[in-house]
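Source file: input-v1.txt (compact mmCIF, N, CA and C atoms)
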```txt
# COMPACT_ATOMS: atom_id res chain seq x y z
N MET A 474 -23.48 96.30 24.59
CA MET A 474 -22.81 95.08 24.19
C MET A 474 -21.83 94.69 25.30
N ALA A 475 -21.95 93.48 25.78
CA ALA A 475 -21.08 93.00 26.86
C ALA A 475 -19.70 92.64 26.32
N ARG A 476 -18.68 93.03 27.08
CA ARG A 476 -17.31 92.65 26.72
C ARG A 476 -17.01 91.29 27.36
N ILE A 477 -16.55 90.36 26.53
CA ILE A 477 -16.22 89.01 26.95
C ILE A 477 -14.72 88.81 26.83
N LEU A 478 -14.12 88.30 27.90
CA LEU A 478 -12.72 87.89 27.85
C LEU A 478 -12.71 86.38 27.71
N LEU A 479 -12.22 85.91 26.59
CA LEU A 479 -12.15 84.48 26.30
C LEU A 479 -10.73 84.00 26.56
N ILE A 480 -10.59 83.09 27.54
CA ILE A 480 -9.29 82.50 27.86
C ILE A 480 -9.29 81.09 27.28
N GLU A 481 -8.49 80.89 26.27
CA GLU A 481 -8.45 79.61 25.56
C GLU A 481 -7.05 79.39 25.04
N ASN A 482 -6.45 78.24 25.35
CA ASN A 482 -5.08 77.99 24.92
C ASN A 482 -4.97 77.21 23.61
N ASP A 483 -6.08 76.77 23.07
CA ASP A 483 -6.08 76.05 21.79
C ASP A 483 -6.51 77.05 20.70
N VAL A 484 -5.60 77.39 19.81
CA VAL A 484 -5.83 78.46 18.83
C VAL A 484 -7.04 78.20 17.94
N PRO A 485 -7.22 77.01 17.35
CA PRO A 485 -8.41 76.81 16.52
C PRO A 485 -9.72 77.00 17.32
N ARG A 486 -9.76 76.51 18.54
CA ARG A 486 -10.96 76.69 19.36
C ARG A 486 -11.14 78.16 19.74
N LEU A 487 -10.04 78.84 20.02
CA LEU A 487 -10.09 80.26 20.34
C LEU A 487 -10.74 81.03 19.20
N ARG A 488 -10.31 80.75 18.00
CA ARG A 488 -10.86 81.43 16.82
C ARG A 488 -12.33 81.10 16.62
N LEU A 489 -12.66 79.83 16.74
CA LEU A 489 -14.05 79.41 16.55
C LEU A 489 -14.98 80.03 17.59
N MET A 490 -14.59 79.95 18.86
CA MET A 490 -15.42 80.51 19.92
C MET A 490 -15.47 82.03 19.82
N GLY A 491 -14.33 82.64 19.55
CA GLY A 491 -14.28 84.09 19.43
C GLY A 491 -15.19 84.62 18.35
N TRP A 492 -15.08 84.04 17.15
CA TRP A 492 -15.92 84.48 16.04
C TRP A 492 -17.39 84.19 16.31
N GLY A 493 -17.67 83.06 16.91
CA GLY A 493 -19.07 82.73 17.23
C GLY A 493 -19.68 83.73 18.19
N LEU A 494 -18.92 84.12 19.19
CA LEU A 494 -19.42 85.10 20.16
C LEU A 494 -19.56 86.50 19.54
N ILE A 495 -18.65 86.84 18.65
CA ILE A 495 -18.78 88.11 17.91
C ILE A 495 -20.06 88.09 17.08
N GLU A 496 -20.32 86.97 16.41
CA GLU A 496 -21.55 86.83 15.62
C GLU A 496 -22.81 86.97 16.48
N GLU A 497 -22.69 86.60 17.76
CA GLU A 497 -23.81 86.75 18.70
C GLU A 497 -23.95 88.18 19.21
N GLY A 498 -23.03 89.05 18.82
CA GLY A 498 -23.13 90.46 19.17
C GLY A 498 -22.28 90.90 20.35
N PHE A 499 -21.38 90.05 20.81
CA PHE A 499 -20.53 90.41 21.94
C PHE A 499 -19.22 91.04 21.48
N ASP A 500 -18.66 91.88 22.33
CA ASP A 500 -17.34 92.45 22.13
C ASP A 500 -16.36 91.46 22.77
N VAL A 501 -15.55 90.80 21.97
CA VAL A 501 -14.70 89.72 22.46
C VAL A 501 -13.23 90.12 22.42
N VAL A 502 -12.57 89.91 23.56
CA VAL A 502 -11.12 90.02 23.64
C VAL A 502 -10.60 88.67 24.08
N VAL A 503 -9.38 88.35 23.71
CA VAL A 503 -8.88 87.01 23.99
C VAL A 503 -7.57 87.04 24.76
N ALA A 504 -7.35 85.95 25.48
CA ALA A 504 -6.07 85.70 26.15
C ALA A 504 -5.75 84.23 25.90
N ARG A 505 -4.50 83.95 25.62
CA ARG A 505 -4.09 82.58 25.32
C ARG A 505 -3.67 81.81 26.56
N SER A 506 -3.63 82.49 27.71
CA SER A 506 -3.26 81.81 28.95
C SER A 506 -3.90 82.52 30.13
N ALA A 507 -3.96 81.83 31.25
CA ALA A 507 -4.49 82.41 32.48
C ALA A 507 -3.60 83.57 32.92
N ASP A 508 -2.29 83.42 32.82
CA ASP A 508 -1.38 84.50 33.22
C ASP A 508 -1.59 85.75 32.39
N GLU A 509 -1.79 85.58 31.09
CA GLU A 509 -2.05 86.72 30.22
C GLU A 509 -3.36 87.41 30.63
N ALA A 510 -4.39 86.63 30.92
CA ALA A 510 -5.68 87.19 31.33
C ALA A 510 -5.55 87.97 32.64
N ILE A 511 -4.86 87.41 33.60
CA ILE A 511 -4.67 88.08 34.89
C ILE A 511 -3.93 89.39 34.70
N GLY A 512 -2.92 89.39 33.84
CA GLY A 512 -2.14 90.59 33.60
C GLY A 512 -2.90 91.69 32.88
N ARG A 513 -3.94 91.34 32.13
CA ARG A 513 -4.65 92.32 31.31
C ARG A 513 -6.06 92.63 31.78
N ILE A 514 -6.58 91.92 32.78
CA ILE A 514 -7.99 92.04 33.12
C ILE A 514 -8.41 93.45 33.49
N GLU A 515 -7.60 94.15 34.24
CA GLU A 515 -7.98 95.51 34.67
C GLU A 515 -8.09 96.47 33.48
N SER A 516 -7.23 96.35 32.52
CA SER A 516 -7.29 97.24 31.36
C SER A 516 -8.39 96.84 30.38
N LEU A 517 -8.75 95.57 30.37
CA LEU A 517 -9.78 95.09 29.43
C LEU A 517 -11.19 95.34 29.93
N GLY A 518 -11.40 95.26 31.23
CA GLY A 518 -12.71 95.51 31.82
C GLY A 518 -13.84 94.63 31.33
N PRO A 519 -13.64 93.31 31.30
CA PRO A 519 -14.73 92.45 30.82
C PRO A 519 -15.87 92.34 31.82
N ALA A 520 -17.07 92.09 31.30
CA ALA A 520 -18.23 91.80 32.14
C ALA A 520 -18.27 90.30 32.44
N VAL A 521 -17.77 89.51 31.49
CA VAL A 521 -17.81 88.05 31.59
C VAL A 521 -16.47 87.48 31.12
N ILE A 522 -16.03 86.45 31.82
CA ILE A 522 -14.85 85.69 31.40
C ILE A 522 -15.28 84.27 31.09
N ILE A 523 -14.86 83.77 29.94
CA ILE A 523 -15.05 82.36 29.60
C ILE A 523 -13.68 81.72 29.72
N PHE A 524 -13.59 80.76 30.64
CA PHE A 524 -12.33 80.13 31.00
C PHE A 524 -12.32 78.72 30.44
N ASN A 525 -11.54 78.49 29.41
CA ASN A 525 -11.48 77.17 28.78
C ASN A 525 -10.03 76.82 28.49
N THR A 526 -9.33 76.33 29.51
CA THR A 526 -7.93 75.95 29.32
C THR A 526 -7.71 74.56 29.90
N THR A 527 -6.54 74.04 29.66
CA THR A 527 -6.22 72.69 30.13
C THR A 527 -5.48 72.70 31.46
N LEU A 528 -5.70 73.71 32.26
CA LEU A 528 -5.07 73.76 33.59
C LEU A 528 -5.65 72.70 34.51
N ASP A 529 -4.84 72.23 35.44
CA ASP A 529 -5.38 71.34 36.47
C ASP A 529 -6.31 72.15 37.36
N VAL A 530 -7.15 71.49 38.10
CA VAL A 530 -8.21 72.16 38.85
C VAL A 530 -7.67 73.12 39.91
N GLU A 531 -6.60 72.79 40.58
CA GLU A 531 -6.03 73.69 41.59
C GLU A 531 -5.50 74.97 40.95
N SER A 532 -4.84 74.84 39.81
CA SER A 532 -4.34 76.02 39.11
C SER A 532 -5.49 76.87 38.61
N LYS A 533 -6.55 76.22 38.13
CA LYS A 533 -7.72 76.94 37.66
C LYS A 533 -8.39 77.68 38.81
N ARG A 534 -8.51 77.04 39.97
CA ARG A 534 -9.09 77.70 41.15
C ARG A 534 -8.28 78.93 41.54
N ALA A 535 -6.97 78.80 41.55
CA ALA A 535 -6.09 79.92 41.90
C ALA A 535 -6.28 81.07 40.91
N CYS A 536 -6.42 80.74 39.65
CA CYS A 536 -6.61 81.76 38.63
C CYS A 536 -7.96 82.47 38.82
N VAL A 537 -9.01 81.71 39.07
CA VAL A 537 -10.33 82.30 39.31
C VAL A 537 -10.28 83.25 40.49
N LEU A 538 -9.63 82.83 41.57
CA LEU A 538 -9.50 83.70 42.75
C LEU A 538 -8.76 85.00 42.41
N GLU A 539 -7.70 84.90 41.65
CA GLU A 539 -6.93 86.10 41.28
C GLU A 539 -7.73 87.00 40.33
N LEU A 540 -8.45 86.41 39.39
CA LEU A 540 -9.29 87.21 38.49
C LEU A 540 -10.36 87.96 39.29
N ARG A 541 -10.96 87.28 40.27
CA ARG A 541 -11.98 87.92 41.12
C ARG A 541 -11.38 89.01 42.00
N ARG A 542 -10.16 88.80 42.46
CA ARG A 542 -9.50 89.81 43.29
C ARG A 542 -9.28 91.09 42.48
N LYS A 543 -8.87 90.91 41.23
CA LYS A 543 -8.57 92.07 40.38
C LYS A 543 -9.84 92.70 39.79
N SER A 544 -10.89 91.91 39.64
CA SER A 544 -12.13 92.40 39.03
C SER A 544 -13.32 91.73 39.73
N PRO A 545 -13.70 92.23 40.92
CA PRO A 545 -14.69 91.55 41.76
C PRO A 545 -16.07 91.36 41.14
N ASP A 546 -16.45 92.23 40.21
CA ASP A 546 -17.80 92.14 39.64
C ASP A 546 -17.91 91.26 38.40
N VAL A 547 -16.79 90.76 37.93
CA VAL A 547 -16.81 89.95 36.71
C VAL A 547 -17.52 88.62 36.96
N ARG A 548 -18.26 88.14 35.96
CA ARG A 548 -18.89 86.82 36.02
C ARG A 548 -18.00 85.86 35.23
N ILE A 549 -17.86 84.62 35.73
CA ILE A 549 -16.93 83.67 35.12
C ILE A 549 -17.65 82.39 34.75
N ILE A 550 -17.45 81.96 33.50
CA ILE A 550 -17.94 80.67 33.01
C ILE A 550 -16.74 79.75 32.88
N ASP A 551 -16.79 78.62 33.56
CA ASP A 551 -15.75 77.59 33.44
C ASP A 551 -16.25 76.54 32.47
N VAL A 552 -15.53 76.34 31.38
CA VAL A 552 -15.85 75.30 30.42
C VAL A 552 -14.95 74.12 30.74
N SER A 553 -15.56 72.97 31.05
CA SER A 553 -14.78 71.83 31.52
C SER A 553 -15.32 70.54 30.94
N ASP A 554 -14.49 69.52 30.99
CA ASP A 554 -14.96 68.19 30.58
C ASP A 554 -15.29 67.33 31.80
N ASP A 555 -15.19 67.90 33.00
CA ASP A 555 -15.46 67.15 34.23
C ASP A 555 -16.59 67.81 35.02
N PRO A 556 -17.77 67.22 35.03
CA PRO A 556 -18.92 67.83 35.71
C PRO A 556 -18.80 67.81 37.24
N ASP A 557 -17.86 67.06 37.77
CA ASP A 557 -17.74 66.91 39.22
C ASP A 557 -16.70 67.83 39.84
N VAL A 558 -16.07 68.67 39.03
CA VAL A 558 -14.99 69.51 39.55
C VAL A 558 -15.32 70.97 39.28
N SER A 559 -15.38 71.76 40.33
CA SER A 559 -15.65 73.18 40.19
C SER A 559 -14.39 73.98 40.52
N ALA A 560 -14.15 75.01 39.72
CA ALA A 560 -13.02 75.90 39.98
C ALA A 560 -13.48 77.17 40.67
N GLY A 561 -14.75 77.21 41.08
CA GLY A 561 -15.26 78.39 41.77
C GLY A 561 -15.86 79.43 40.86
N ALA A 562 -16.14 79.08 39.61
CA ALA A 562 -16.74 80.01 38.67
C ALA A 562 -18.23 80.19 38.97
N ASP A 563 -18.83 81.18 38.35
CA ASP A 563 -20.26 81.42 38.52
C ASP A 563 -21.11 80.39 37.80
N ALA A 564 -20.56 79.84 36.72
CA ALA A 564 -21.26 78.82 35.94
C ALA A 564 -20.26 77.79 35.45
N LEU A 565 -20.68 76.56 35.40
CA LEU A 565 -19.87 75.46 34.87
C LEU A 565 -20.62 74.88 33.68
N LEU A 566 -20.02 74.95 32.51
CA LEU A 566 -20.60 74.35 31.31
C LEU A 566 -19.72 73.18 30.90
N ILE A 567 -20.35 72.06 30.63
CA ILE A 567 -19.63 70.83 30.32
C ILE A 567 -19.47 70.66 28.81
N GLU A 568 -18.26 70.30 28.40
CA GLU A 568 -17.97 70.02 26.99
C GLU A 568 -18.84 68.88 26.49
N PRO A 569 -19.27 68.91 25.27
CA PRO A 569 -19.07 69.96 24.28
C PRO A 569 -20.03 71.13 24.53
N VAL A 570 -19.51 72.33 24.39
CA VAL A 570 -20.28 73.55 24.59
C VAL A 570 -20.45 74.24 23.25
N THR A 571 -21.66 74.70 23.00
CA THR A 571 -21.92 75.43 21.76
C THR A 571 -21.91 76.94 22.04
N ILE A 572 -21.80 77.69 20.99
CA ILE A 572 -21.88 79.15 21.11
C ILE A 572 -23.25 79.52 21.69
N ALA A 573 -24.29 78.81 21.29
CA ALA A 573 -25.63 79.07 21.81
C ALA A 573 -25.67 78.87 23.32
N ASP A 574 -24.99 77.84 23.84
CA ASP A 574 -24.93 77.61 25.29
C ASP A 574 -24.27 78.80 25.99
N LEU A 575 -23.16 79.25 25.46
CA LEU A 575 -22.43 80.38 26.05
C LEU A 575 -23.28 81.65 26.00
N ALA A 576 -23.86 81.92 24.84
CA ALA A 576 -24.67 83.13 24.68
C ALA A 576 -25.87 83.12 25.62
N LYS A 577 -26.49 81.98 25.77
CA LYS A 577 -27.66 81.86 26.67
C LYS A 577 -27.27 82.23 28.10
N GLN A 578 -26.14 81.72 28.57
CA GLN A 578 -25.69 82.01 29.93
C GLN A 578 -25.36 83.50 30.08
N ILE A 579 -24.67 84.05 29.13
CA ILE A 579 -24.29 85.46 29.19
C ILE A 579 -25.53 86.35 29.15
N HIS A 580 -26.45 86.06 28.25
CA HIS A 580 -27.67 86.87 28.17
C HIS A 580 -28.48 86.79 29.46
N ALA A 581 -28.49 85.64 30.11
CA ALA A 581 -29.21 85.49 31.38
C ALA A 581 -28.62 86.43 32.42
N TRP A 582 -27.31 86.59 32.45
CA TRP A 582 -26.66 87.48 33.40
C TRP A 582 -26.89 88.95 33.05
N MET A 583 -26.99 89.26 31.78
CA MET A 583 -27.12 90.64 31.35
C MET A 583 -28.55 91.15 31.42
N ALA A 584 -29.50 90.25 31.59
CA ALA A 584 -30.93 90.64 31.60
C ALA A 584 -31.28 91.42 32.84
```
Would you mind giving the structure from this file in structure tokens?
Amino acid sequence: MARILLIENDVPRLRLMGWGLIEEGFDVVVARSADEAIGRIESLGPAVIIFNTTLDVESKRACVLELRRKSPDVRIIDVSDDPDVSAGADALLIEPVTIADLAKQIHAWMA
């Protein structure tokens, strides 16, 4: 079972996405901010990070770089509402994103 670190600053969405991913069979841990995720990534040891926050693109890029520095093998999914802006993640999924979309991407990496 892959461990997923879900970074989401909207509590209702965090709960919905978290429970949906658990239902898909993933081990889900959560962080409510990029700073919290960066501070805990080494102890959590996720295989995949789902990054869905309202940070501006430069802040998101900086966070992705720091997450990769601390955990070089982690795969990162950036959930965004802007298809033209990349934060340097391994995958960019455009809102609205379903649990099935997330699970499909994660399973593709785990295969």
*asked:* Taking only segment 478-565 of chain A into account, list the residues labelled strand (DSSP E) by DSSP (computed from the backbone), as a ChimeraX atom specification.
replied: /A:478-481,500-504,521-525,548-553,564-565
Using all atoms listed in the file, the residue out of A:Leu489, A:Leu479, A:Ile522, A:Leu517 with shortest distance to Ile549 of chain A is A:Ile522
Requested in this report: List every residue of segment 492-562 of chain A that DSSP, applied to the backbone, labels as helix (DSSP H, G or I), and write the result as a VMD selection string.
Outcome: chain A and resid 492 to 496 507 to 517 530 to 543
note - atom CA of Met583 of chain A and atom CA of Glu531 of chain A are separated by 28.9 Å
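If you measure from each of A:Asp529, A:Glu509, A:Asp500, A:Trp492 to Leu478 of chain A using all atoms listed in the file, the closest one turns out to be A:Asp500.
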Worksheet entry | Radius query 8 Å about (-17.0, 94.0, 35.1), atoms used: only N, CA and C atoms, as a VMD selection string | chain A and resid 517 to 521 544 to 548
Please return segment 571-582 of chain A, rebuilt to all heavy atoms, as a PDB file, keeping the file's coordinate frame.
```pdb
ATOM      1  N   THR A 571     -21.660  74.700  23.000  1.00  0.00           N
ATOM      2  CA  THR A 571     -21.920  75.430  21.760  1.00  0.00           C
ATOM      3  C   THR A 571     -21.910  76.940  22.040  1.00  0.00           C
ATOM      4  O   THR A 571     -22.014  77.366  23.186  1.00  0.00           O
ATOM      5  CB  THR A 571     -23.289  75.053  21.172  1.00  0.00           C
ATOM      6  OG1 THR A 571     -24.316  75.504  22.073  1.00  0.00           O
ATOM      7  CG2 THR A 571     -23.409  73.539  20.957  1.00  0.00           C
ATOM      8  N   ILE A 572     -21.800  77.690  20.990  1.00  0.00           N
ATOM      9  CA  ILE A 572     -21.880  79.150  21.110  1.00  0.00           C
ATOM     10  C   ILE A 572     -23.250  79.520  21.690  1.00  0.00           C
ATOM     11  O   ILE A 572     -23.358  80.431  22.509  1.00  0.00           O
ATOM     12  CB  ILE A 572     -21.635  79.834  19.746  1.00  0.00           C
ATOM     13  CG1 ILE A 572     -20.230  79.511  19.233  1.00  0.00           C
ATOM     14  CG2 ILE A 572     -21.872  81.330  19.838  1.00  0.00           C
ATOM     15  CD1 ILE A 572     -19.103  79.901  20.152  1.00  0.00           C
ATOM     16  N   ALA A 573     -24.290  78.810  21.290  1.00  0.00           N
ATOM     17  CA  ALA A 573     -25.630  79.070  21.810  1.00  0.00           C
ATOM     18  C   ALA A 573     -25.670  78.870  23.320  1.00  0.00           C
ATOM     19  O   ALA A 573     -26.316  79.653  24.036  1.00  0.00           O
ATOM     20  CB  ALA A 573     -26.656  78.178  21.116  1.00  0.00           C
ATOM     21  N   ASP A 574     -24.990  77.840  23.840  1.00  0.00           N
ATOM     22  CA  ASP A 574     -24.930  77.610  25.290  1.00  0.00           C
ATOM     23  C   ASP A 574     -24.270  78.800  25.990  1.00  0.00           C
ATOM     24  O   ASP A 574     -24.755  79.276  27.021  1.00  0.00           O
ATOM     25  CB  ASP A 574     -24.104  76.361  25.631  1.00  0.00           C
ATOM     26  CG  ASP A 574     -24.703  75.068  25.120  1.00  0.00           C
ATOM     27  OD1 ASP A 574     -25.932  74.983  24.980  1.00  0.00           O
ATOM     28  OD2 ASP A 574     -23.904  74.134  24.862  1.00  0.00           O
ATOM     29  N   LEU A 575     -23.160  79.250  25.460  1.00  0.00           N
ATOM     30  CA  LEU A 575     -22.430  80.380  26.050  1.00  0.00           C
ATOM     31  C   LEU A 575     -23.280  81.650  26.000  1.00  0.00           C
ATOM     32  O   LEU A 575     -23.408  82.361  26.994  1.00  0.00           O
ATOM     33  CB  LEU A 575     -21.105  80.589  25.331  1.00  0.00           C
ATOM     34  CG  LEU A 575     -20.073  79.480  25.489  1.00  0.00           C
ATOM     35  CD1 LEU A 575     -18.934  79.669  24.498  1.00  0.00           C
ATOM     36  CD2 LEU A 575     -19.550  79.427  26.907  1.00  0.00           C
ATOM     37  N   ALA A 576     -23.860  81.920  24.840  1.00  0.00           N
ATOM     38  CA  ALA A 576     -24.670  83.130  24.680  1.00  0.00           C
ATOM     39  C   ALA A 576     -25.870  83.120  25.620  1.00  0.00           C
ATOM     40  O   ALA A 576     -26.204  84.152  26.213  1.00  0.00           O
ATOM     41  CB  ALA A 576     -25.122  83.273  23.230  1.00  0.00           C
ATOM     42  N   LYS A 577     -26.490  81.980  25.770  1.00  0.00           N
ATOM     43  CA  LYS A 577     -27.660  81.860  26.670  1.00  0.00           C
ATOM     44  C   LYS A 577     -27.270  82.230  28.100  1.00  0.00           C
ATOM     45  O   LYS A 577     -27.975  82.977  28.775  1.00  0.00           O
ATOM     46  CB  LYS A 577     -28.218  80.440  26.609  1.00  0.00           C
ATOM     47  CG  LYS A 577     -29.426  80.226  27.467  1.00  0.00           C
ATOM     48  CD  LYS A 577     -29.922  78.800  27.333  1.00  0.00           C
ATOM     49  CE  LYS A 577     -31.085  78.543  28.272  1.00  0.00           C
ATOM     50  NZ  LYS A 577     -31.546  77.157  28.182  1.00  0.00           N
ATOM     51  N   GLN A 578     -26.140  81.720  28.570  1.00  0.00           N
ATOM     52  CA  GLN A 578     -25.690  82.010  29.930  1.00  0.00           C
ATOM     53  C   GLN A 578     -25.360  83.500  30.080  1.00  0.00           C
ATOM     54  O   GLN A 578     -25.742  84.131  31.053  1.00  0.00           O
ATOM     55  CB  GLN A 578     -24.470  81.161  30.285  1.00  0.00           C
ATOM     56  CG  GLN A 578     -23.951  81.400  31.685  1.00  0.00           C
ATOM     57  CD  GLN A 578     -24.960  81.032  32.755  1.00  0.00           C
ATOM     58  OE1 GLN A 578     -25.366  79.889  32.860  1.00  0.00           O
ATOM     59  NE2 GLN A 578     -25.398  82.008  33.533  1.00  0.00           N
ATOM     60  N   ILE A 579     -24.670  84.050  29.130  1.00  0.00           N
ATOM     61  CA  ILE A 579     -24.290  85.460  29.190  1.00  0.00           C
ATOM     62  C   ILE A 579     -25.530  86.350  29.150  1.00  0.00           C
ATOM     63  O   ILE A 579     -25.651  87.292  29.953  1.00  0.00           O
ATOM     64  CB  ILE A 579     -23.308  85.820  28.056  1.00  0.00           C
ATOM     65  CG1 ILE A 579     -22.000  85.028  28.241  1.00  0.00           C
ATOM     66  CG2 ILE A 579     -23.035  87.323  28.024  1.00  0.00           C
ATOM     67  CD1 ILE A 579     -21.116  85.010  27.007  1.00  0.00           C
ATOM     68  N   HIS A 580     -26.450  86.060  28.250  1.00  0.00           N
ATOM     69  CA  HIS A 580     -27.670  86.870  28.170  1.00  0.00           C
ATOM     70  C   HIS A 580     -28.480  86.790  29.460  1.00  0.00           C
ATOM     71  O   HIS A 580     -29.081  87.777  29.890  1.00  0.00           O
ATOM     72  CB  HIS A 580     -28.528  86.426  26.979  1.00  0.00           C
ATOM     73  CG  HIS A 580     -27.999  86.879  25.665  1.00  0.00           C
ATOM     74  ND1 HIS A 580     -27.767  88.205  25.353  1.00  0.00           N
ATOM     75  CD2 HIS A 580     -27.631  86.177  24.556  1.00  0.00           C
ATOM     76  CE1 HIS A 580     -27.294  88.298  24.126  1.00  0.00           C
ATOM     77  NE2 HIS A 580     -27.197  87.081  23.631  1.00  0.00           N
ATOM     78  N   ALA A 581     -28.490  85.640  30.110  1.00  0.00           N
ATOM     79  CA  ALA A 581     -29.210  85.490  31.380  1.00  0.00           C
ATOM     80  C   ALA A 581     -28.620  86.430  32.420  1.00  0.00           C
ATOM     81  O   ALA A 581     -29.352  87.035  33.225  1.00  0.00           O
ATOM     82  CB  ALA A 581     -29.155  84.050  31.870  1.00  0.00           C
ATOM     83  N   TRP A 582     -27.310  86.590  32.450  1.00  0.00           N
ATOM     84  CA  TRP A 582     -26.660  87.480  33.400  1.00  0.00           C
ATOM     85  C   TRP A 582     -26.890  88.950  33.050  1.00  0.00           C
ATOM     86  O   TRP A 582     -26.945  89.792  33.930  1.00  0.00           O
ATOM     87  CB  TRP A 582     -25.162  87.213  33.470  1.00  0.00           C
ATOM     88  CG  TRP A 582     -24.802  85.970  34.204  1.00  0.00           C
ATOM     89  CD1 TRP A 582     -25.520  85.343  35.174  1.00  0.00           C
ATOM     90  CD2 TRP A 582     -23.614  85.217  34.041  1.00  0.00           C
ATOM     91  NE1 TRP A 582     -24.852  84.235  35.632  1.00  0.00           N
ATOM     92  CE2 TRP A 582     -23.668  84.129  34.955  1.00  0.00           C
ATOM     93  CE3 TRP A 582     -22.496  85.332  33.228  1.00  0.00           C
ATOM     94  CZ2 TRP A 582     -22.669  83.186  35.070  1.00  0.00           C
ATOM     95  CZ3 TRP A 582     -21.495  84.387  33.340  1.00  0.00           C
ATOM     96  CH2 TRP A 582     -21.578  83.336  34.250  1.00  0.00           C
TER      97      TRP A 582
END
```
